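Contents: one structure, followed by commentary.
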Amino acid sequence: MPVDIYIGGVEHAILHLLYSRFISKFLWKTGRYGSKALERDLSVSAELKAAVARKEAAGARNGEPFKRLLTQGMVHGLTYKEPSTGRFLKPDEVQTAAKGTLPRIIATGETPTVSYEKMSKSKYNGVDPGETVAAYGADVTRLHMLYLAPPQDVLEWDTQSIVGMQRWVGRIGRLVDSACEADVRESLEHALASRGAWSSEARETYRQTNTTVQRVTEALHATFSFNTAIAALIELTNYLTSVRDRGHPAFGYGVACLVKMLGPMAPGVGEEFWEILNQRKHTDSARHSSDSVFEQAWPTVDESALKRPSTTIVVQINGKLRFRLEDVDADQSCDQLVRLATQHQRAQKWLLDSSGRPKPIVKAIHIPNKLINLIIK
């Protein structure tokens, strides 16, 4: 005690917290919980007492039972009701709408009232997960559920968008095949020694991979935002699909990290993809003694790779594109970019009045590493 994290459904968590906090507060106030309880126990070592005191200071103040609370949101299903009576309709009483049309009550021809409500037998809006798993597979179904909403929010179940997740898994499979077919010139460890000589595409591939590892690690371990983790993996997939030089070890490293991070959320396809990658020769993944993705070390972040070396900034004046700042240092502040933009020779046409005096800049809108918009009078 205290428990590191409590995870429970939002309906059950209310009573669970009442019970647990009542008991833990009682034990703490009577000296039977926390460092006070250990002070009277001669069999407990001083090291353990100190450890409990540190833990209590970190999260057990006033006898709280949990350090952190995560209440899972509810799953809502598509619900149909008869407009005149409010009676819940069974699925076989409604003709499902084609794309661009409204559903129809078969018996009366009326358009039912459509909403998302808590799944219940009385509302006839439950979904059999077996049907979805049979049609799309357990991994795609799990990814779809995790991606629809953060764990603490209400999830509105929609089977139509699951096709997009199925296509994404297929795209990862094609990346794995491409990585296996590529003629890799050297190992990543050897290539890192001469990273300064890499092409801009290879450096960006390595940066994108490490940025994704950082985002996914934080999402899984700190915020539990699984939808954010999947979104980051989708972005990495999109980037790797655009890479032209697939013989560079940075590409193979990116695909291997993608599969490793996919594994906890899609264990079946993650294991299959890793087995395919493991058949490749002269790459990092082939040198692992284990064939299971779940026995691999989680990817680590190379902090030196996170900084974008240079970028192109779009310069707008009063919302209109005027010119671009090419090959400027990345991650510059708004003030730094305003200074560069106003000093650019092409800016004088719009920033100076007829007498050659600079026009006042009322506001600067900055999108990091992408755009600076100067609002002038």
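Numbering starts fresh at 1 for the residues of each chain in the structure tokens, the chains themselves are lettered A, B, ... in the order given, and ligands are numbered from 1 as they appear.
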
>> Run DSSP on the backbone and tell me which residues of range 61-162 of chain A come out as alpha helix (DSSP H); list them as number ranges by chain.
In response: A: 129-136, 138-148, 162

Any chance you can output those residues with N, CA, C and O atoms as an mmCIF file, in the first residue's frame?
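Dumped everything to part_14.cif:
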```
data_model
loop_
_atom_site.group_PDB
_atom_site.id
_atom_site.type_symbol
_atom_site.label_atom_id
_atom_site.label_comp_id
_atom_site.auth_asym_id
_atom_site.auth_seq_id
_atom_site.Cartn_x
_atom_site.Cartn_y
_atom_site.Cartn_z
ATOM 1 N N PRO A 129 -19.044 -9.663 -30.030
ATOM 2 C CA PRO A 129 -17.656 -9.510 -30.489
ATOM 3 C C PRO A 129 -17.177 -10.677 -31.343
ATOM 4 O O PRO A 129 -16.274 -10.519 -32.161
ATOM 5 N N GLY A 130 -17.819 -11.831 -31.167
ATOM 6 C CA GLY A 130 -17.410 -12.987 -31.962
ATOM 7 C C GLY A 130 -17.598 -12.773 -33.446
ATOM 8 O O GLY A 130 -16.778 -13.238 -34.260
ATOM 9 N N GLU A 131 -18.656 -12.059 -33.817
ATOM 10 C CA GLU A 131 -18.898 -11.795 -35.236
ATOM 11 C C GLU A 131 -17.813 -10.888 -35.816
ATOM 12 O O GLU A 131 -17.331 -11.108 -36.929
ATOM 13 N N THR A 132 -17.438 -9.862 -35.045
ATOM 14 C CA THR A 132 -16.396 -8.949 -35.519
ATOM 15 C C THR A 132 -15.048 -9.645 -35.599
ATOM 16 O O THR A 132 -14.283 -9.458 -36.559
ATOM 17 N N VAL A 133 -14.749 -10.468 -34.602
ATOM 18 C CA VAL A 133 -13.489 -11.211 -34.609
ATOM 19 C C VAL A 133 -13.448 -12.192 -35.777
ATOM 20 O O VAL A 133 -12.419 -12.343 -36.452
ATOM 21 N N ALA A 134 -14.578 -12.853 -36.050
ATOM 22 C CA ALA A 134 -14.629 -13.799 -37.159
ATOM 23 C C ALA A 134 -14.441 -13.102 -38.501
ATOM 24 O O ALA A 134 -13.839 -13.659 -39.428
ATOM 25 N N ALA A 135 -14.943 -11.877 -38.616
ATOM 26 C CA ALA A 135 -14.860 -11.163 -39.887
ATOM 27 C C ALA A 135 -13.515 -10.483 -40.095
ATOM 28 O O ALA A 135 -12.996 -10.454 -41.220
ATOM 29 N N TYR A 136 -12.928 -9.927 -39.018
ATOM 30 C CA TYR A 136 -11.722 -9.110 -39.171
ATOM 31 C C TYR A 136 -10.515 -9.627 -38.406
ATOM 32 O O TYR A 136 -9.402 -9.137 -38.630
ATOM 33 N N ALA A 138 -8.941 -11.043 -34.355
ATOM 34 C CA ALA A 138 -8.871 -10.513 -32.989
ATOM 35 C C ALA A 138 -7.973 -9.285 -32.902
ATOM 36 O O ALA A 138 -8.283 -8.318 -32.186
ATOM 37 N N ASP A 139 -6.862 -9.272 -33.640
ATOM 38 C CA ASP A 139 -5.928 -8.151 -33.547
ATOM 39 C C ASP A 139 -6.524 -6.871 -34.117
ATOM 40 O O ASP A 139 -6.408 -5.798 -33.520
ATOM 41 N N VAL A 140 -7.159 -6.976 -35.274
ATOM 42 C CA VAL A 140 -7.773 -5.792 -35.883
ATOM 43 C C VAL A 140 -8.907 -5.273 -34.998
ATOM 44 O O VAL A 140 -9.059 -4.060 -34.814
ATOM 45 N N THR A 141 -9.697 -6.185 -34.424
ATOM 46 C CA THR A 141 -10.779 -5.775 -33.524
ATOM 47 C C THR A 141 -10.226 -5.053 -32.306
ATOM 48 O O THR A 141 -10.743 -4.016 -31.880
ATOM 49 N N ARG A 142 -9.154 -5.577 -31.730
ATOM 50 C CA ARG A 142 -8.544 -4.946 -30.547
ATOM 51 C C ARG A 142 -7.985 -3.567 -30.904
ATOM 52 O O ARG A 142 -8.175 -2.596 -30.161
ATOM 53 N N LEU A 143 -7.283 -3.459 -32.023
ATOM 54 C CA LEU A 143 -6.747 -2.165 -32.438
ATOM 55 C C LEU A 143 -7.858 -1.152 -32.671
ATOM 56 O O LEU A 143 -7.739 0.024 -32.308
ATOM 57 N N HIS A 144 -8.944 -1.616 -33.260
ATOM 58 C CA HIS A 144 -10.081 -0.737 -33.525
ATOM 59 C C HIS A 144 -10.668 -0.205 -32.221
ATOM 60 O O HIS A 144 -10.968 0.998 -32.105
ATOM 61 N N MET A 145 -10.815 -1.063 -31.229
ATOM 62 C CA MET A 145 -11.362 -0.646 -29.937
ATOM 63 C C MET A 145 -10.438 0.347 -29.242
ATOM 64 O O MET A 145 -10.881 1.350 -28.669
ATOM 65 N N LEU A 146 -9.138 0.096 -29.287
ATOM 66 C CA LEU A 146 -8.184 0.983 -28.622
ATOM 67 C C LEU A 146 -8.083 2.337 -29.312
ATOM 68 O O LEU A 146 -7.814 3.356 -28.663
ATOM 69 N N TYR A 147 -8.317 2.355 -30.625
ATOM 70 C CA TYR A 147 -8.132 3.575 -31.394
ATOM 71 C C TYR A 147 -9.350 4.493 -31.355
ATOM 72 O O TYR A 147 -9.230 5.705 -31.552
ATOM 73 N N LEU A 148 -10.532 3.930 -31.085
ATOM 74 C CA LEU A 148 -11.754 4.716 -31.161
ATOM 75 C C LEU A 148 -11.807 5.850 -30.141
ATOM 76 O O LEU A 148 -12.351 6.917 -30.425
ATOM 77 N N ILE A 162 -13.795 -0.031 -39.002
ATOM 78 C CA ILE A 162 -12.797 -1.047 -38.684
ATOM 79 C C ILE A 162 -12.013 -1.461 -39.924
ATOM 80 O O ILE A 162 -10.886 -1.963 -39.831
#
```

>> I'd like the neighbourhood of range 314-323 of chain A as a count of residues only, where a residue qualifies if any of its atoms comes within 6 Å (using only C-alpha atoms), though same-chain residues fewer than 2 positions away should be ignored.
In response: 5

> What is the CA of Pro112 in chain A-CA of Glu82 in chain A distance in Å, reported with one decimal?
Replying inline: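 According to the coordinates, CA of Pro112 in chain A and CA of Glu82 in chain A are separated by 5.3 Å.
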
> Which of these residues is nearest to Pro2 in chain A, using only C-alpha atoms: A:Pro299, A:Gly109, A:Gly63, A:Pro151?
Replying inline: A:Gly63

>> If we count only C-alpha atoms and set the cut-off at 9 Å, which residues sit around range 254-259 of chain A, ignoring sequence neighbours fewer than 5 positions away in its own chain? Please answer as a ChimeraX atom specification.
In response: /A:172,175-176,179,205-206,208-210,212-213,233,236-237,240,249,269-271,273-274,277,284-285,293,298-299

Go ahead and save the residues from that selection, with N, CA and C atoms, as an mmCIF file, in the first residue's frame.
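Generated file (part-v2.cif):
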```cif
data_model
loop_
_atom_site.group_PDB
_atom_site.id
_atom_site.type_symbol
_atom_site.label_atom_id
_atom_site.label_comp_id
_atom_site.auth_asym_id
_atom_site.auth_seq_id
_atom_site.Cartn_x
_atom_site.Cartn_y
_atom_site.Cartn_z
ATOM 1 N N ILE A 172 1.406 -2.433 -42.964
ATOM 2 C CA ILE A 172 2.588 -2.819 -42.184
ATOM 3 C C ILE A 172 3.173 -4.109 -42.734
ATOM 4 N N LEU A 175 5.262 -3.319 -45.647
ATOM 5 C CA LEU A 175 6.545 -2.741 -45.231
ATOM 6 C C LEU A 175 7.510 -3.813 -44.759
ATOM 7 N N VAL A 176 6.995 -4.800 -44.017
ATOM 8 C CA VAL A 176 7.832 -5.912 -43.548
ATOM 9 C C VAL A 176 8.397 -6.677 -44.733
ATOM 10 N N ALA A 179 11.113 -4.604 -46.331
ATOM 11 C CA ALA A 179 12.356 -4.607 -45.550
ATOM 12 C C ALA A 179 13.127 -5.907 -45.745
ATOM 13 N N THR A 205 14.433 9.510 -41.498
ATOM 14 C CA THR A 205 13.849 8.203 -41.136
ATOM 15 C C THR A 205 14.231 7.824 -39.709
ATOM 16 N N TYR A 206 15.499 8.006 -39.372
ATOM 17 C CA TYR A 206 15.966 7.685 -38.023
ATOM 18 C C TYR A 206 15.313 8.611 -36.996
ATOM 19 N N GLN A 208 12.351 10.203 -37.317
ATOM 20 C CA GLN A 208 10.939 9.844 -37.213
ATOM 21 C C GLN A 208 10.746 8.604 -36.350
ATOM 22 N N THR A 209 11.620 7.623 -36.500
ATOM 23 C CA THR A 209 11.514 6.394 -35.709
ATOM 24 C C THR A 209 11.697 6.681 -34.232
ATOM 25 N N ASN A 210 12.722 7.451 -33.880
ATOM 26 C CA ASN A 210 12.970 7.753 -32.473
ATOM 27 C C ASN A 210 11.881 8.640 -31.878
ATOM 28 N N THR A 212 8.746 8.545 -32.743
ATOM 29 C CA THR A 212 7.608 7.649 -32.521
ATOM 30 C C THR A 212 7.829 6.784 -31.289
ATOM 31 N N VAL A 213 9.035 6.287 -31.101
ATOM 32 C CA VAL A 213 9.334 5.489 -29.912
ATOM 33 C C VAL A 213 9.072 6.311 -28.649
ATOM 34 N N LEU A 233 1.907 5.309 -34.392
ATOM 35 C CA LEU A 233 2.362 4.194 -35.226
ATOM 36 C C LEU A 233 1.845 4.330 -36.654
ATOM 37 N N LEU A 236 4.064 6.838 -38.368
ATOM 38 C CA LEU A 236 5.345 6.234 -38.741
ATOM 39 C C LEU A 236 5.174 5.333 -39.966
ATOM 40 N N THR A 237 4.073 4.592 -40.013
ATOM 41 C CA THR A 237 3.799 3.745 -41.170
ATOM 42 C C THR A 237 3.691 4.584 -42.436
ATOM 43 N N LEU A 240 7.280 5.696 -43.407
ATOM 44 C CA LEU A 240 8.111 4.613 -43.932
ATOM 45 C C LEU A 240 7.648 4.176 -45.318
ATOM 46 N N PRO A 249 20.072 0.993 -43.528
ATOM 47 C CA PRO A 249 19.668 0.321 -42.280
ATOM 48 C C PRO A 249 18.667 1.116 -41.449
ATOM 49 N N VAL A 269 -0.497 -10.576 -35.113
ATOM 50 C CA VAL A 269 0.207 -10.103 -36.302
ATOM 51 C C VAL A 269 1.595 -9.587 -35.939
ATOM 52 N N GLY A 270 1.756 -9.048 -34.728
ATOM 53 C CA GLY A 270 3.076 -8.608 -34.299
ATOM 54 C C GLY A 270 4.070 -9.756 -34.276
ATOM 55 N N GLU A 271 3.636 -10.884 -33.754
ATOM 56 C CA GLU A 271 4.506 -12.070 -33.722
ATOM 57 C C GLU A 271 4.791 -12.577 -35.127
ATOM 58 N N PHE A 273 4.745 -10.837 -37.993
ATOM 59 C CA PHE A 273 5.634 -9.903 -38.693
ATOM 60 C C PHE A 273 7.068 -10.026 -38.193
ATOM 61 N N TRP A 274 7.232 -10.226 -36.880
ATOM 62 C CA TRP A 274 8.592 -10.355 -36.340
ATOM 63 C C TRP A 274 9.246 -11.636 -36.833
ATOM 64 N N LEU A 277 10.498 -10.836 -40.239
ATOM 65 C CA LEU A 277 11.699 -9.996 -40.160
ATOM 66 C C LEU A 277 12.909 -10.789 -39.705
ATOM 67 N N ASP A 284 19.816 -6.190 -37.814
ATOM 68 C CA ASP A 284 19.793 -6.263 -36.353
ATOM 69 C C ASP A 284 18.808 -7.315 -35.877
ATOM 70 N N SER A 285 17.628 -7.374 -36.495
ATOM 71 C CA SER A 285 16.601 -8.290 -36.013
ATOM 72 C C SER A 285 17.002 -9.739 -36.192
ATOM 73 N N VAL A 293 8.705 -11.770 -30.640
ATOM 74 C CA VAL A 293 8.791 -10.322 -30.497
ATOM 75 C C VAL A 293 8.637 -9.910 -29.035
ATOM 76 N N TRP A 298 12.385 -3.404 -25.429
ATOM 77 C CA TRP A 298 11.588 -2.298 -25.965
ATOM 78 C C TRP A 298 12.535 -1.279 -26.590
ATOM 79 N N PRO A 299 12.196 -0.704 -27.736
ATOM 80 C CA PRO A 299 13.094 0.266 -28.387
ATOM 81 C C PRO A 299 13.422 1.435 -27.462
#
```

>> Here is a test: counting only C-alpha atoms, which residue of A:Tyr80, A:Phe251, A:Phe294, A:Trp28 is nearest to Pro103 in chain A?
In response: A:Tyr80

> Got a sec: who's within 8 Å of Glu275 in chain A, counting only C-alpha atoms, leaving out chain neighbours fewer than 3 positions off, as a count of residues only?
Replying inline: 7

>> Calculated over only C-alpha atoms, which of the candidates A:Gly173, A:Gly77, A:Pro358, A:Pro264 has the smallest distance to Ile376 in chain A?
In response: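 When distances to Ile376 in chain A are compared using only C-alpha atoms, the smallest one comes from A:Pro358.
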
>> I'd like the contact shell of Leu17 in chain A - 12 Å cut-off, only C-alpha atoms, skipping same-chain residues fewer than 5 positions apart - returned as number ranges by chain.
In response: A: 6-12, 22-25, 64-66, 68-71

> as a list in words, which residues of range 100-274 of chain A does DSSP assign to strand (DSSP E)?
Replying inline: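 Of range 100-274 of chain A, the ones in strand (DSSP E) are Arg104, Ile105, Thr113, Val114, Ser115, Tyr116, Glu117, Lys118, Leu155 and Glu156 of chain A.
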
>> For a test of reading the model, state the distance in Å between CA of Val169 in chain A and CA of Ile234 in chain A, rounded to one decimal.
In response: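 Spanning CA of Val169 in chain A to CA of Ile234 in chain A is a straight-line distance of 9.5 Å.
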
> Hey, can you check how far CA of Asn369 in chain A sits from CA of Ala330 in chain A?
Replying inline: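 Going from CA of Asn369 in chain A over to CA of Ala330 in chain A covers 5.9 Å.
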
Hey, could you make a per-residue contact list for range 296-326 of chain A against range 331-343 of chain A with 9 Å as the cut-off, showing the nearest pair of atoms and its distance in Å to one decimal, counting only C-alpha atoms, sorted by chain and number, as a tab-separated table?
```
residue	atom	partner	partner_atom	distance
A:Lys307	CA	A:Asp331	CA	7.8
A:Arg308	CA	A:Asp331	CA	7.3
A:Pro309	CA	A:Asp331	CA	8.9
A:Ser310	CA	A:Asp331	CA	8.6
A:Thr311	CA	A:Asp331	CA	8.8
A:Ile313	CA	A:Leu337	CA	8.6
A:Val315	CA	A:Ala341	CA	7.1
A:Arg324	CA	A:Ala341	CA	8.7
A:Leu325	CA	A:Ala341	CA	7.3
```

Polymer residues at most 12 Å from Ser120 in chain A, only C-alpha atoms, same-chain spacing of 2 or more positions, as a compact mmCIF listing (two decimals) with all heavy atoms, in the first residue's frame:
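selection13.txt, written as the output of this step:
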```txt
# COMPACT_ATOMS: atom_id res chain seq x y z
N MET A 74 -17.46 3.81 -20.79
CA MET A 74 -18.40 2.78 -21.20
C MET A 74 -18.46 2.68 -22.72
O MET A 74 -18.13 3.62 -23.43
CB MET A 74 -19.79 3.08 -20.63
CG MET A 74 -19.82 3.14 -19.13
SD MET A 74 -21.40 3.71 -18.51
CE MET A 74 -22.46 2.42 -19.09
N VAL A 75 -18.90 1.52 -23.20
CA VAL A 75 -19.08 1.30 -24.63
C VAL A 75 -20.56 1.51 -24.96
O VAL A 75 -21.43 0.85 -24.38
CB VAL A 75 -18.64 -0.13 -25.04
CG1 VAL A 75 -18.84 -0.33 -26.53
CG2 VAL A 75 -17.18 -0.36 -24.66
N HIS A 76 -20.82 2.42 -25.87
CA HIS A 76 -22.18 2.70 -26.29
C HIS A 76 -22.42 2.08 -27.66
O HIS A 76 -21.53 2.06 -28.52
CB HIS A 76 -22.43 4.20 -26.37
CG HIS A 76 -22.57 4.84 -25.03
ND1 HIS A 76 -23.04 6.12 -24.85
CD2 HIS A 76 -22.32 4.38 -23.77
CE1 HIS A 76 -23.08 6.42 -23.57
NE2 HIS A 76 -22.63 5.38 -22.89
N GLY A 77 -23.62 1.56 -27.85
CA GLY A 77 -23.98 0.92 -29.10
C GLY A 77 -25.02 1.72 -29.87
O GLY A 77 -25.77 2.53 -29.30
N LEU A 78 -25.08 1.47 -31.17
CA LEU A 78 -26.06 2.14 -32.02
C LEU A 78 -27.46 1.66 -31.63
O LEU A 78 -27.75 0.47 -31.62
CB LEU A 78 -25.77 1.82 -33.49
CG LEU A 78 -26.50 2.63 -34.54
CD1 LEU A 78 -26.17 4.11 -34.42
CD2 LEU A 78 -26.17 2.12 -35.94
N THR A 79 -28.34 2.62 -31.31
CA THR A 79 -29.66 2.32 -30.75
C THR A 79 -30.75 2.92 -31.63
O THR A 79 -30.64 4.08 -32.05
CB THR A 79 -29.79 2.87 -29.33
OG1 THR A 79 -28.65 2.44 -28.55
CG2 THR A 79 -31.06 2.40 -28.66
N PHE A 88 -37.80 0.73 -27.87
CA PHE A 88 -36.54 0.31 -28.47
C PHE A 88 -36.82 -0.76 -29.53
O PHE A 88 -37.62 -1.68 -29.31
CB PHE A 88 -35.59 -0.24 -27.41
CG PHE A 88 -35.08 0.81 -26.47
CD1 PHE A 88 -35.60 0.92 -25.17
CD2 PHE A 88 -34.11 1.71 -26.87
CE1 PHE A 88 -35.14 1.90 -24.31
CE2 PHE A 88 -33.65 2.69 -26.01
CZ PHE A 88 -34.16 2.78 -24.72
N LYS A 90 -35.62 -3.80 -32.22
CA LYS A 90 -34.63 -4.83 -32.45
C LYS A 90 -33.96 -4.60 -33.79
O LYS A 90 -34.55 -3.97 -34.70
CB LYS A 90 -35.30 -6.21 -32.43
CG LYS A 90 -35.93 -6.58 -31.09
CD LYS A 90 -36.59 -7.94 -31.17
CE LYS A 90 -37.24 -8.31 -29.83
NZ LYS A 90 -37.92 -9.62 -29.90
N TYR A 116 -26.60 6.81 -29.81
CA TYR A 116 -25.66 5.88 -29.17
C TYR A 116 -25.96 5.88 -27.68
O TYR A 116 -25.93 6.93 -27.03
CB TYR A 116 -24.21 6.30 -29.42
CG TYR A 116 -23.68 5.89 -30.77
CD1 TYR A 116 -23.75 6.76 -31.86
CD2 TYR A 116 -23.11 4.64 -30.96
CE1 TYR A 116 -23.26 6.40 -33.11
CE2 TYR A 116 -22.62 4.27 -32.21
CZ TYR A 116 -22.71 5.15 -33.26
OH TYR A 116 -22.23 4.77 -34.48
N GLU A 117 -26.26 4.70 -27.14
CA GLU A 117 -26.58 4.58 -25.72
C GLU A 117 -25.85 3.38 -25.12
O GLU A 117 -25.33 2.52 -25.85
CB GLU A 117 -28.09 4.43 -25.52
CG GLU A 117 -28.90 5.63 -26.01
CD GLU A 117 -30.37 5.53 -25.63
OE1 GLU A 117 -30.69 4.79 -24.68
OE2 GLU A 117 -31.19 6.20 -26.28
N LYS A 118 -25.83 3.35 -23.80
CA LYS A 118 -25.19 2.25 -23.08
C LYS A 118 -25.74 0.92 -23.56
O LYS A 118 -26.95 0.73 -23.67
CB LYS A 118 -25.43 2.41 -21.58
CG LYS A 118 -24.93 1.25 -20.74
CD LYS A 118 -25.35 1.44 -19.28
CE LYS A 118 -25.01 0.20 -18.46
NZ LYS A 118 -25.45 0.35 -17.06
N SER A 122 -32.13 -4.76 -22.97
CA SER A 122 -33.45 -4.16 -23.16
C SER A 122 -33.46 -3.16 -24.32
O SER A 122 -34.52 -2.85 -24.86
CB SER A 122 -33.89 -3.45 -21.88
OG SER A 122 -33.00 -2.41 -21.54
N LYS A 123 -32.28 -2.66 -24.69
CA LYS A 123 -32.21 -1.69 -25.79
C LYS A 123 -31.84 -2.35 -27.11
O LYS A 123 -31.79 -1.67 -28.14
CB LYS A 123 -31.20 -0.59 -25.45
CG LYS A 123 -31.57 0.23 -24.22
CD LYS A 123 -30.50 1.25 -23.88
CE LYS A 123 -30.86 2.02 -22.61
NZ LYS A 123 -29.81 2.99 -22.23
N TYR A 124 -31.56 -3.63 -27.07
CA TYR A 124 -31.23 -4.41 -28.27
C TYR A 124 -30.05 -3.81 -29.04
O TYR A 124 -30.00 -3.88 -30.28
CB TYR A 124 -32.45 -4.51 -29.21
CG TYR A 124 -33.71 -4.97 -28.53
CD1 TYR A 124 -34.77 -4.09 -28.34
CD2 TYR A 124 -33.84 -6.27 -28.06
CE1 TYR A 124 -35.95 -4.49 -27.71
CE2 TYR A 124 -35.01 -6.69 -27.43
CZ TYR A 124 -36.05 -5.79 -27.25
OH TYR A 124 -37.20 -6.20 -26.63
N ASN A 125 -29.12 -3.22 -28.34
CA ASN A 125 -28.00 -2.56 -29.02
C ASN A 125 -26.66 -3.21 -28.70
O ASN A 125 -25.61 -2.59 -28.89
CB ASN A 125 -27.96 -1.07 -28.66
CG ASN A 125 -27.76 -0.83 -27.17
OD1 ASN A 125 -27.81 -1.75 -26.36
ND2 ASN A 125 -27.53 0.42 -26.80
N GLY A 126 -26.69 -4.42 -28.17
CA GLY A 126 -25.45 -5.12 -27.90
C GLY A 126 -24.80 -5.61 -29.18
O GLY A 126 -25.46 -5.81 -30.21
N VAL A 127 -23.49 -5.78 -29.13
CA VAL A 127 -22.73 -6.25 -30.28
C VAL A 127 -22.01 -7.53 -29.88
O VAL A 127 -21.34 -7.58 -28.83
CB VAL A 127 -21.70 -5.19 -30.74
CG1 VAL A 127 -20.85 -5.72 -31.87
CG2 VAL A 127 -22.42 -3.92 -31.17
```
